[in-house]
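Here's model-v4.tsv, which has TSV, N, CA and C atoms:
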```tsv
chain	number	residue	atom	x	y	z
D	128	MET	N	0.85	-1.17	0.00
D	128	MET	CA	0.00	0.00	0.00
D	128	MET	C	0.90	1.24	0.00
D	129	ILE	N	0.50	2.21	-0.82
D	129	ILE	CA	1.21	3.47	-0.91
D	129	ILE	C	0.33	4.53	-0.26
D	130	THR	N	0.83	5.17	0.79
D	130	THR	CA	0.08	6.20	1.48
D	130	THR	C	0.49	7.56	0.95
D	131	LEU	N	-0.49	8.30	0.45
D	131	LEU	CA	-0.26	9.66	-0.04
D	131	LEU	C	-0.81	10.62	0.99
D	132	VAL	N	-0.08	11.73	1.23
D	132	VAL	CA	-0.46	12.66	2.30
D	132	VAL	C	-0.38	14.09	1.79
D	133	GLY	N	-1.35	14.91	2.20
D	133	GLY	CA	-1.32	16.34	1.90
D	133	GLY	C	-1.88	16.66	0.54
D	134	GLU	N	-1.23	17.61	-0.13
D	134	GLU	CA	-1.69	18.07	-1.44
D	134	GLU	C	-0.96	17.32	-2.54
D	135	LEU	N	-1.72	16.77	-3.44
D	135	LEU	CA	-1.16	16.06	-4.58
D	135	LEU	C	-1.18	17.04	-5.76
D	136	ASP	N	-0.25	18.01	-5.70
D	136	ASP	CA	-0.15	19.06	-6.71
D	136	ASP	C	1.18	18.96	-7.43
D	137	PHE	N	1.48	19.92	-8.31
D	137	PHE	CA	2.68	19.84	-9.13
D	137	PHE	C	3.96	19.67	-8.31
D	138	PRO	N	4.23	20.51	-7.28
D	138	PRO	CA	5.47	20.32	-6.52
D	138	PRO	C	5.57	18.95	-5.85
D	139	ALA	N	4.46	18.45	-5.32
D	139	ALA	CA	4.47	17.13	-4.67
D	139	ALA	C	4.72	16.03	-5.70
D	140	CYS	N	4.15	16.19	-6.89
D	140	CYS	CA	4.32	15.18	-7.93
D	140	CYS	C	5.76	15.13	-8.43
D	141	VAL	N	6.41	16.28	-8.52
D	141	VAL	CA	7.81	16.31	-8.93
D	141	VAL	C	8.64	15.49	-7.95
D	142	GLN	N	8.35	15.60	-6.67
D	142	GLN	CA	9.08	14.84	-5.66
D	142	GLN	C	8.70	13.36	-5.66
D	143	ALA	N	7.43	13.06	-5.89
D	143	ALA	CA	6.95	11.68	-5.77
D	143	ALA	C	7.19	10.84	-7.02
D	144	THR	N	7.32	11.45	-8.16
D	144	THR	CA	7.41	10.70	-9.42
D	144	THR	C	8.51	9.65	-9.43
D	145	PRO	N	9.75	9.97	-9.03
D	145	PRO	CA	10.79	8.92	-9.07
D	145	PRO	C	10.45	7.70	-8.21
D	146	SER	N	9.92	7.93	-7.02
D	146	SER	CA	9.58	6.82	-6.13
D	146	SER	C	8.42	6.00	-6.68
D	147	LEU	N	7.40	6.68	-7.17
D	147	LEU	CA	6.24	5.95	-7.71
D	147	LEU	C	6.60	5.23	-8.99
D	148	ALA	N	7.51	5.78	-9.77
D	148	ALA	CA	7.93	5.10	-11.00
D	148	ALA	C	8.56	3.75	-10.68
D	149	LEU	N	9.28	3.67	-9.58
D	149	LEU	CA	9.89	2.40	-9.17
D	149	LEU	C	8.84	1.40	-8.72
D	150	LEU	N	7.75	1.89	-8.14
D	150	LEU	CA	6.70	1.02	-7.63
D	150	LEU	C	5.70	0.61	-8.70
D	151	ALA	N	5.64	1.38	-9.78
D	151	ALA	CA	4.66	1.13	-10.84
D	151	ALA	C	5.18	0.08	-11.81
D	152	ILE	N	5.29	-1.12	-11.32
D	152	ILE	CA	5.77	-2.23	-12.13
D	152	ILE	C	4.58	-2.87	-12.83
D	153	ALA	N	4.73	-3.08	-14.11
D	153	ALA	CA	3.65	-3.68	-14.89
D	153	ALA	C	3.22	-5.00	-14.27
D	154	GLY	N	1.92	-5.15	-14.10
D	154	GLY	CA	1.39	-6.40	-13.59
D	154	GLY	C	1.26	-6.47	-12.08
D	155	ARG	N	1.84	-5.54	-11.38
D	155	ARG	CA	1.77	-5.53	-9.92
D	155	ARG	C	0.49	-4.84	-9.48
D	156	ASP	N	-0.16	-5.37	-8.46
D	156	ASP	CA	-1.34	-4.71	-7.90
D	156	ASP	C	-0.88	-3.63	-6.93
D	157	LEU	N	-1.43	-2.42	-7.07
D	157	LEU	CA	-1.08	-1.31	-6.18
D	157	LEU	C	-2.34	-0.77	-5.52
D	158	THR	N	-2.19	-0.38	-4.27
D	158	THR	CA	-3.27	0.28	-3.54
D	158	THR	C	-2.76	1.61	-3.03
D	159	PHE	N	-3.48	2.68	-3.35
D	159	PHE	CA	-3.18	4.00	-2.83
D	159	PHE	C	-4.11	4.28	-1.66
D	160	ASP	N	-3.53	4.61	-0.51
D	160	ASP	CA	-4.31	5.10	0.62
D	160	ASP	C	-4.31	6.61	0.49
D	161	MET	N	-5.47	7.18	0.16
D	161	MET	CA	-5.57	8.61	-0.10
D	161	MET	C	-6.39	9.34	0.96
D	162	ALA	N	-6.55	8.72	2.11
D	162	ALA	CA	-7.39	9.31	3.17
D	162	ALA	C	-6.85	10.65	3.66
D	163	LEU	N	-5.55	10.88	3.52
D	163	LEU	CA	-4.95	12.11	4.01
D	163	LEU	C	-4.62	13.09	2.89
D	164	VAL	N	-5.11	12.82	1.67
D	164	VAL	CA	-4.91	13.75	0.56
D	164	VAL	C	-6.03	14.78	0.62
D	165	THR	N	-5.66	16.05	0.77
D	165	THR	CA	-6.64	17.11	0.94
D	165	THR	C	-6.94	17.87	-0.34
D	166	PHE	N	-6.06	17.73	-1.34
D	166	PHE	CA	-6.21	18.48	-2.59
D	166	PHE	C	-5.50	17.72	-3.69
D	167	MET	N	-6.06	17.76	-4.90
D	167	MET	CA	-5.38	17.17	-6.04
D	167	MET	C	-5.66	18.02	-7.27
D	168	ASP	N	-4.60	18.38	-7.99
D	168	ASP	CA	-4.77	19.13	-9.22
D	168	ASP	C	-4.47	18.24	-10.41
D	169	ALA	N	-4.34	18.84	-11.60
D	169	ALA	CA	-4.12	18.07	-12.82
D	169	ALA	C	-2.82	17.28	-12.76
D	170	ALA	N	-1.80	17.82	-12.12
D	170	ALA	CA	-0.52	17.10	-12.00
D	170	ALA	C	-0.70	15.82	-11.19
D	171	GLY	N	-1.46	15.90	-10.11
D	171	GLY	CA	-1.73	14.71	-9.29
D	171	GLY	C	-2.52	13.69	-10.05
D	172	LEU	N	-3.50	14.14	-10.79
D	172	LEU	CA	-4.30	13.23	-11.60
D	172	LEU	C	-3.44	12.57	-12.67
D	173	ASN	N	-2.59	13.34	-13.32
D	173	ASN	CA	-1.69	12.78	-14.34
D	173	ASN	C	-0.75	11.75	-13.74
D	174	LEU	N	-0.25	12.00	-12.54
D	174	LEU	CA	0.64	11.06	-11.88
D	174	LEU	C	-0.08	9.74	-11.61
D	175	LEU	N	-1.28	9.81	-11.05
D	175	LEU	CA	-2.05	8.60	-10.79
D	175	LEU	C	-2.34	7.83	-12.07
D	176	GLN	N	-2.68	8.55	-13.13
D	176	GLN	CA	-2.98	7.88	-14.39
D	176	GLN	C	-1.73	7.24	-15.00
D	177	SER	N	-0.60	7.88	-14.85
D	177	SER	CA	0.65	7.33	-15.36
D	177	SER	C	1.00	6.02	-14.65
D	178	VAL	N	0.88	6.03	-13.33
D	178	VAL	CA	1.14	4.83	-12.55
D	178	VAL	C	0.15	3.74	-12.95
D	179	ARG	N	-1.10	4.12	-13.08
D	179	ARG	CA	-2.15	3.16	-13.45
D	179	ARG	C	-1.84	2.50	-14.79
D	180	GLN	N	-1.45	3.28	-15.78
D	180	GLN	CA	-1.15	2.73	-17.10
D	180	GLN	C	-0.03	1.70	-17.05
D	181	LYS	N	1.00	1.98	-16.28
D	181	LYS	CA	2.13	1.04	-16.18
D	181	LYS	C	1.71	-0.27	-15.52
D	182	VAL	N	0.91	-0.13	-14.48
D	182	VAL	CA	0.46	-1.32	-13.75
D	182	VAL	C	-0.48	-2.16	-14.61
D	183	LEU	N	-1.41	-1.49	-15.28
D	183	LEU	CA	-2.38	-2.21	-16.11
D	183	LEU	C	-1.73	-2.87	-17.32
D	184	ALA	N	-0.63	-2.33	-17.78
D	184	ALA	CA	0.05	-2.89	-18.95
D	184	ALA	C	0.40	-4.36	-18.75
D	185	GLY	N	0.63	-4.74	-17.51
D	185	GLY	CA	0.97	-6.14	-17.24
D	185	GLY	C	-0.14	-6.92	-16.58
D	186	GLY	N	-1.34	-6.35	-16.53
D	186	GLY	CA	-2.47	-7.07	-15.97
D	186	GLY	C	-2.72	-6.82	-14.50
D	187	GLY	N	-2.04	-5.87	-13.91
D	187	GLY	CA	-2.26	-5.54	-12.49
D	187	GLY	C	-3.46	-4.63	-12.32
D	188	THR	N	-3.76	-4.30	-11.08
D	188	THR	CA	-4.87	-3.40	-10.77
D	188	THR	C	-4.38	-2.26	-9.89
D	189	VAL	N	-5.13	-1.18	-9.91
D	189	VAL	CA	-4.85	-0.03	-9.05
D	189	VAL	C	-6.12	0.26	-8.26
D	190	GLU	N	-5.98	0.29	-6.96
D	190	GLU	CA	-7.11	0.56	-6.07
D	190	GLU	C	-6.81	1.84	-5.30
D	191	ALA	N	-7.83	2.63	-5.05
D	191	ALA	CA	-7.69	3.86	-4.27
D	191	ALA	C	-8.61	3.76	-3.06
D	192	ARG	N	-8.06	4.01	-1.89
D	192	ARG	CA	-8.84	3.93	-0.64
D	192	ARG	C	-8.91	5.30	0.03
D	193	GLY	N	-10.01	5.53	0.70
D	193	GLY	CA	-10.14	6.72	1.55
D	193	GLY	C	-10.16	8.04	0.82
D	194	ILE	N	-10.64	8.05	-0.40
D	194	ILE	CA	-10.64	9.30	-1.17
D	194	ILE	C	-11.63	10.28	-0.55
D	195	GLN	N	-11.13	11.47	-0.27
D	195	GLN	CA	-11.93	12.52	0.34
D	195	GLN	C	-12.78	13.22	-0.72
D	196	PRO	N	-13.89	13.84	-0.32
D	196	PRO	CA	-14.81	14.46	-1.29
D	196	PRO	C	-14.16	15.44	-2.28
D	197	PRO	N	-13.25	16.34	-1.87
D	197	PRO	CA	-12.68	17.25	-2.87
D	197	PRO	C	-11.88	16.51	-3.95
D	198	VAL	N	-11.17	15.47	-3.57
D	198	VAL	CA	-10.39	14.70	-4.54
D	198	VAL	C	-11.31	13.85	-5.41
D	199	ARG	N	-12.31	13.26	-4.82
D	199	ARG	CA	-13.28	12.47	-5.59
D	199	ARG	C	-13.98	13.36	-6.62
D	200	ARG	N	-14.24	14.59	-6.24
D	200	ARG	CA	-14.91	15.53	-7.15
D	200	ARG	C	-14.04	15.80	-8.39
D	201	VAL	N	-12.73	15.93	-8.20
D	201	VAL	CA	-11.82	16.12	-9.34
D	201	VAL	C	-11.91	14.91	-10.27
D	202	LEU	N	-11.90	13.73	-9.69
D	202	LEU	CA	-12.00	12.51	-10.50
D	202	LEU	C	-13.33	12.45	-11.25
D	203	GLU	N	-14.40	12.83	-10.58
D	203	GLU	CA	-15.72	12.80	-11.22
D	203	GLU	C	-15.82	13.82	-12.34
D	204	LEU	N	-15.33	15.04	-12.09
D	204	LEU	CA	-15.41	16.10	-13.10
D	204	LEU	C	-14.60	15.79	-14.35
D	205	THR	N	-13.52	15.07	-14.17
D	205	THR	CA	-12.67	14.73	-15.31
D	205	THR	C	-13.04	13.40	-15.95
D	206	GLY	N	-14.01	12.71	-15.37
D	206	GLY	CA	-14.44	11.43	-15.91
D	206	GLY	C	-13.46	10.30	-15.65
D	207	THR	N	-12.51	10.53	-14.78
D	207	THR	CA	-11.50	9.51	-14.50
D	207	THR	C	-11.85	8.63	-13.31
D	208	ASP	N	-12.95	8.93	-12.65
D	208	ASP	CA	-13.36	8.12	-11.50
D	208	ASP	C	-13.62	6.67	-11.90
D	209	VAL	N	-13.98	6.44	-13.14
D	209	VAL	CA	-14.26	5.08	-13.60
D	209	VAL	C	-12.98	4.28	-13.86
D	210	GLN	N	-11.84	4.93	-13.82
D	210	GLN	CA	-10.57	4.25	-14.10
D	210	GLN	C	-9.98	3.56	-12.89
D	211	PHE	N	-10.48	3.87	-11.73
D	211	PHE	CA	-9.90	3.34	-10.50
D	211	PHE	C	-10.91	2.49	-9.74
D	212	VAL	N	-10.42	1.46	-9.08
D	212	VAL	CA	-11.23	0.65	-8.19
D	212	VAL	C	-11.21	1.37	-6.85
D	213	PHE	N	-12.37	1.71	-6.34
D	213	PHE	CA	-12.43	2.43	-5.07
D	213	PHE	C	-12.91	1.50	-3.98
D	214	GLN	N	-12.26	1.58	-2.85
D	214	GLN	CA	-12.72	0.83	-1.69
D	214	GLN	C	-13.31	1.83	-0.71
D	215	ARG	N	-14.52	1.56	-0.32
D	215	ARG	CA	-15.18	2.44	0.64
D	215	ARG	C	-14.66	2.16	2.04
D	216	ARG	N	-14.76	3.17	2.87
D	216	ARG	CA	-14.37	2.99	4.26
D	216	ARG	C	-15.36	2.08	4.96
D	217	PRO	N	-14.91	1.42	6.02
D	217	PRO	CA	-15.85	0.59	6.79
D	217	PRO	C	-17.01	1.43	7.31
D	218	ARG	N	-18.15	0.79	7.50
D	218	ARG	CA	-19.37	1.47	7.89
D	218	ARG	C	-19.22	2.33	9.15
D	219	GLU	N	-18.39	1.91	10.10
D	219	GLU	CA	-18.29	2.66	11.35
D	219	GLU	C	-17.73	4.06	11.14
D	220	HIS	N	-17.04	4.30	10.03
D	220	HIS	CA	-16.52	5.64	9.76
D	220	HIS	C	-17.62	6.59	9.31
D	221	PHE	N	-18.72	6.07	8.81
D	221	PHE	CA	-19.80	6.91	8.34
D	221	PHE	C	-20.91	7.07	9.37
D	222	GLY	N	-20.83	6.40	10.48
D	222	GLY	CA	-21.90	6.44	11.46
D	222	GLY	C	-22.87	5.30	11.20
D	223	HIS	N	-23.78	5.12	12.08
D	223	HIS	CA	-24.72	4.01	11.96
D	223	HIS	C	-26.05	4.53	11.41
D	224	PRO	N	-26.75	3.74	10.61
D	224	PRO	CA	-28.03	4.17	10.09
D	224	PRO	C	-29.06	4.28	11.20
D	225	ARG	N	-30.00	5.19	11.01
D	225	ARG	CA	-31.07	5.34	11.98
D	225	ARG	C	-32.02	4.16	11.87
D	226	ARG	N	-32.79	3.91	12.93
D	226	ARG	CA	-33.71	2.78	12.92
D	226	ARG	C	-34.82	2.93	11.88
D	227	ASP	N	-35.14	4.18	11.52
D	227	ASP	CA	-36.21	4.38	10.55
D	227	ASP	C	-35.71	4.21	9.11
D	228	GLY	N	-34.44	3.83	8.94
D	228	GLY	CA	-33.90	3.58	7.62
D	228	GLY	C	-33.25	4.78	6.96
D	229	LEU	N	-33.41	5.95	7.56
D	229	LEU	CA	-32.81	7.16	7.00
D	229	LEU	C	-31.39	7.29	7.52
D	230	SER	N	-30.51	7.76	6.68
D	230	SER	CA	-29.14	7.94	7.15
D	230	SER	C	-29.00	9.29	7.84
D	231	ARG	N	-28.03	9.36	8.71
D	231	ARG	CA	-27.77	10.61	9.42
D	231	ARG	C	-27.04	11.56	8.49
D	232	GLY	N	-27.30	12.87	8.62
D	232	GLY	CA	-26.66	13.86	7.77
D	232	GLY	C	-25.47	14.48	8.38
```
As structure tokens - that is how I would like this structure written.
Amino acid sequence: MITLVGELDFPACVQATPSLALLAIAGRDLTFDMALVTFMDAAGLNLLQSVRQKVLAGGGTVEARGIQPPVRRVLELTGTDVQFVFQRRPREHFGHPRRDGLSRG
């Protein structure tokens, strides 16, 4: 699992690219823990897609966990949300449903 923290923007991607390039081995399954990513711009999206392409080239998968709403929104707006396997957080992180079937806001 690769844990990403903070802002996934151009300066962070410049620093992370060499390390992620080593981990993006074709055919290897990778999981990104993105629970602590607070912001992602086009550079961050490009980095994730680049890693994804290398992994998929050999039949591996890329999973993203803990994606926060602002980052998920970037993925949705760009239509790239369908490119990643997302794992939802366990139910206890979202609270428990009310007895009447309505979820808490």
List the neighbours of Leu135 in chain D out to 7 Å using all atoms listed in the file; skip same-chain residues closer than 5 positions along the sequence, and give me the result as a list of chain:residue names.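 Final neighbour list, sorted by chain and number: D:Cys140, D:Val164, D:Thr165, D:Phe166, D:Met167, D:Asp168, D:Ala169, D:Ala170, D:Gly171, D:Leu172.
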Store the residues picked out above in a file with N, CA and C atoms, as an mmCIF file, in the frame of the given file.
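And here's selection-v1.cif as it stands now:
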```cif
data_model
loop_
_atom_site.group_PDB
_atom_site.id
_atom_site.type_symbol
_atom_site.label_atom_id
_atom_site.label_comp_id
_atom_site.auth_asym_id
_atom_site.auth_seq_id
_atom_site.Cartn_x
_atom_site.Cartn_y
_atom_site.Cartn_z
ATOM 1 N N CYS D 140 4.150 16.190 -6.890
ATOM 2 C CA CYS D 140 4.320 15.180 -7.930
ATOM 3 C C CYS D 140 5.760 15.130 -8.430
ATOM 4 N N VAL D 164 -5.110 12.820 1.670
ATOM 5 C CA VAL D 164 -4.910 13.750 0.560
ATOM 6 C C VAL D 164 -6.030 14.780 0.620
ATOM 7 N N THR D 165 -5.660 16.050 0.770
ATOM 8 C CA THR D 165 -6.640 17.110 0.940
ATOM 9 C C THR D 165 -6.940 17.870 -0.340
ATOM 10 N N PHE D 166 -6.060 17.730 -1.340
ATOM 11 C CA PHE D 166 -6.210 18.480 -2.590
ATOM 12 C C PHE D 166 -5.500 17.720 -3.690
ATOM 13 N N MET D 167 -6.060 17.760 -4.900
ATOM 14 C CA MET D 167 -5.380 17.170 -6.040
ATOM 15 C C MET D 167 -5.660 18.020 -7.270
ATOM 16 N N ASP D 168 -4.600 18.380 -7.990
ATOM 17 C CA ASP D 168 -4.770 19.130 -9.220
ATOM 18 C C ASP D 168 -4.470 18.240 -10.410
ATOM 19 N N ALA D 169 -4.340 18.840 -11.600
ATOM 20 C CA ALA D 169 -4.120 18.070 -12.820
ATOM 21 C C ALA D 169 -2.820 17.280 -12.760
ATOM 22 N N ALA D 170 -1.800 17.820 -12.120
ATOM 23 C CA ALA D 170 -0.520 17.100 -12.000
ATOM 24 C C ALA D 170 -0.700 15.820 -11.190
ATOM 25 N N GLY D 171 -1.460 15.900 -10.110
ATOM 26 C CA GLY D 171 -1.730 14.710 -9.290
ATOM 27 C C GLY D 171 -2.520 13.690 -10.050
ATOM 28 N N LEU D 172 -3.500 14.140 -10.790
ATOM 29 C CA LEU D 172 -4.300 13.230 -11.600
ATOM 30 C C LEU D 172 -3.440 12.570 -12.670
#
```
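Reported to one decimal place, the separation of CA of Thr130 in chain D from atom N of Met161 in chain D is 5.8 Å.
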For Met128 in chain D, list every protein, DNA or RNA residue within 6.5 Å, evaluated using all atoms listed in the file, and leave out those in the same chain fewer than 2 positions away; present the list as an mmCIF file with N, CA and C atoms, in the coordinates of the input.
```cif
data_model
loop_
_atom_site.group_PDB
_atom_site.id
_atom_site.type_symbol
_atom_site.label_atom_id
_atom_site.label_comp_id
_atom_site.auth_asym_id
_atom_site.auth_seq_id
_atom_site.Cartn_x
_atom_site.Cartn_y
_atom_site.Cartn_z
ATOM 1 N N THR D 130 0.830 5.170 0.790
ATOM 2 C CA THR D 130 0.080 6.200 1.480
ATOM 3 C C THR D 130 0.490 7.560 0.950
ATOM 4 N N LEU D 157 -1.430 -2.420 -7.070
ATOM 5 C CA LEU D 157 -1.080 -1.310 -6.180
ATOM 6 C C LEU D 157 -2.340 -0.770 -5.520
ATOM 7 N N THR D 158 -2.190 -0.380 -4.270
ATOM 8 C CA THR D 158 -3.270 0.280 -3.540
ATOM 9 C C THR D 158 -2.760 1.610 -3.030
ATOM 10 N N PHE D 159 -3.480 2.680 -3.350
ATOM 11 C CA PHE D 159 -3.180 4.000 -2.830
ATOM 12 C C PHE D 159 -4.110 4.280 -1.660
ATOM 13 N N ASP D 160 -3.530 4.610 -0.510
ATOM 14 C CA ASP D 160 -4.310 5.100 0.620
ATOM 15 C C ASP D 160 -4.310 6.610 0.490
#
```
Could you go through range 143-203 of chain D and tell me which residues DSSP, when run on the backbone, assigns to helix (DSSP H, G or I), listing them as JSON, numbers by chain? {"D": [143, 144, 145, 146, 147, 148, 149, 150, 169, 170, 171, 172, 173, 174, 175, 176, 177, 178, 179, 180, 181, 182, 183, 184, 196, 197, 198, 199, 200, 201, 202, 203]}
Taking all atoms listed in the file into account, produce a table as JSON lines in which each residue of range 169-191 of chain D with an atom at most 6 Å from an atom of range 198-211 of chain D appears once, together with its shortest atom pair and the distance in Å to one decimal, ordered by chain and rising number.
```
{"residue": "D:Val189", "atom": "C", "partner": "D:Phe211", "partner_atom": "CA", "distance": 5.4}
{"residue": "D:Glu190", "atom": "CA", "partner": "D:Phe211", "partner_atom": "C", "distance": 5.6}
{"residue": "D:Ala191", "atom": "N", "partner": "D:Phe211", "partner_atom": "C", "distance": 5.6}
```
d(atom N of Leu147 in chain D, atom N of Pro196 in chain D) in Å: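 Value for the atom N of Leu147 in chain D-atom N of Pro196 in chain D distance: 23.5 Å.
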Calculated over all atoms listed in the file, which of the candidates D:Thr144, D:Thr188, D:Gly193, D:Leu150 has the smallest distance to Leu174 in chain D?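 Once distances to Leu174 in chain D are computed over all atoms listed in the file, the minimum belongs to D:Thr144.
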Please compute the CA of Arg155 in chain D-CA of Arg192 in chain D distance, one decimal, in Å. 17.0 Å
Quick one: of D:Leu131, D:Ala148, D:Ala143, D:Leu163, who's nearest to Val178 in chain D, counting only N, CA and C atoms?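 Looking only at the distances to Val178 in chain D, the closest residue turns out to be D:Ala148.
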Nearest residue to Asp156 in chain D out of D:Leu175, D:Ile129, D:Gly187, D:Gln180, using all atoms listed in the file?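 Using all atoms listed in the file, the shortest distance to Asp156 in chain D belongs to D:Gly187.
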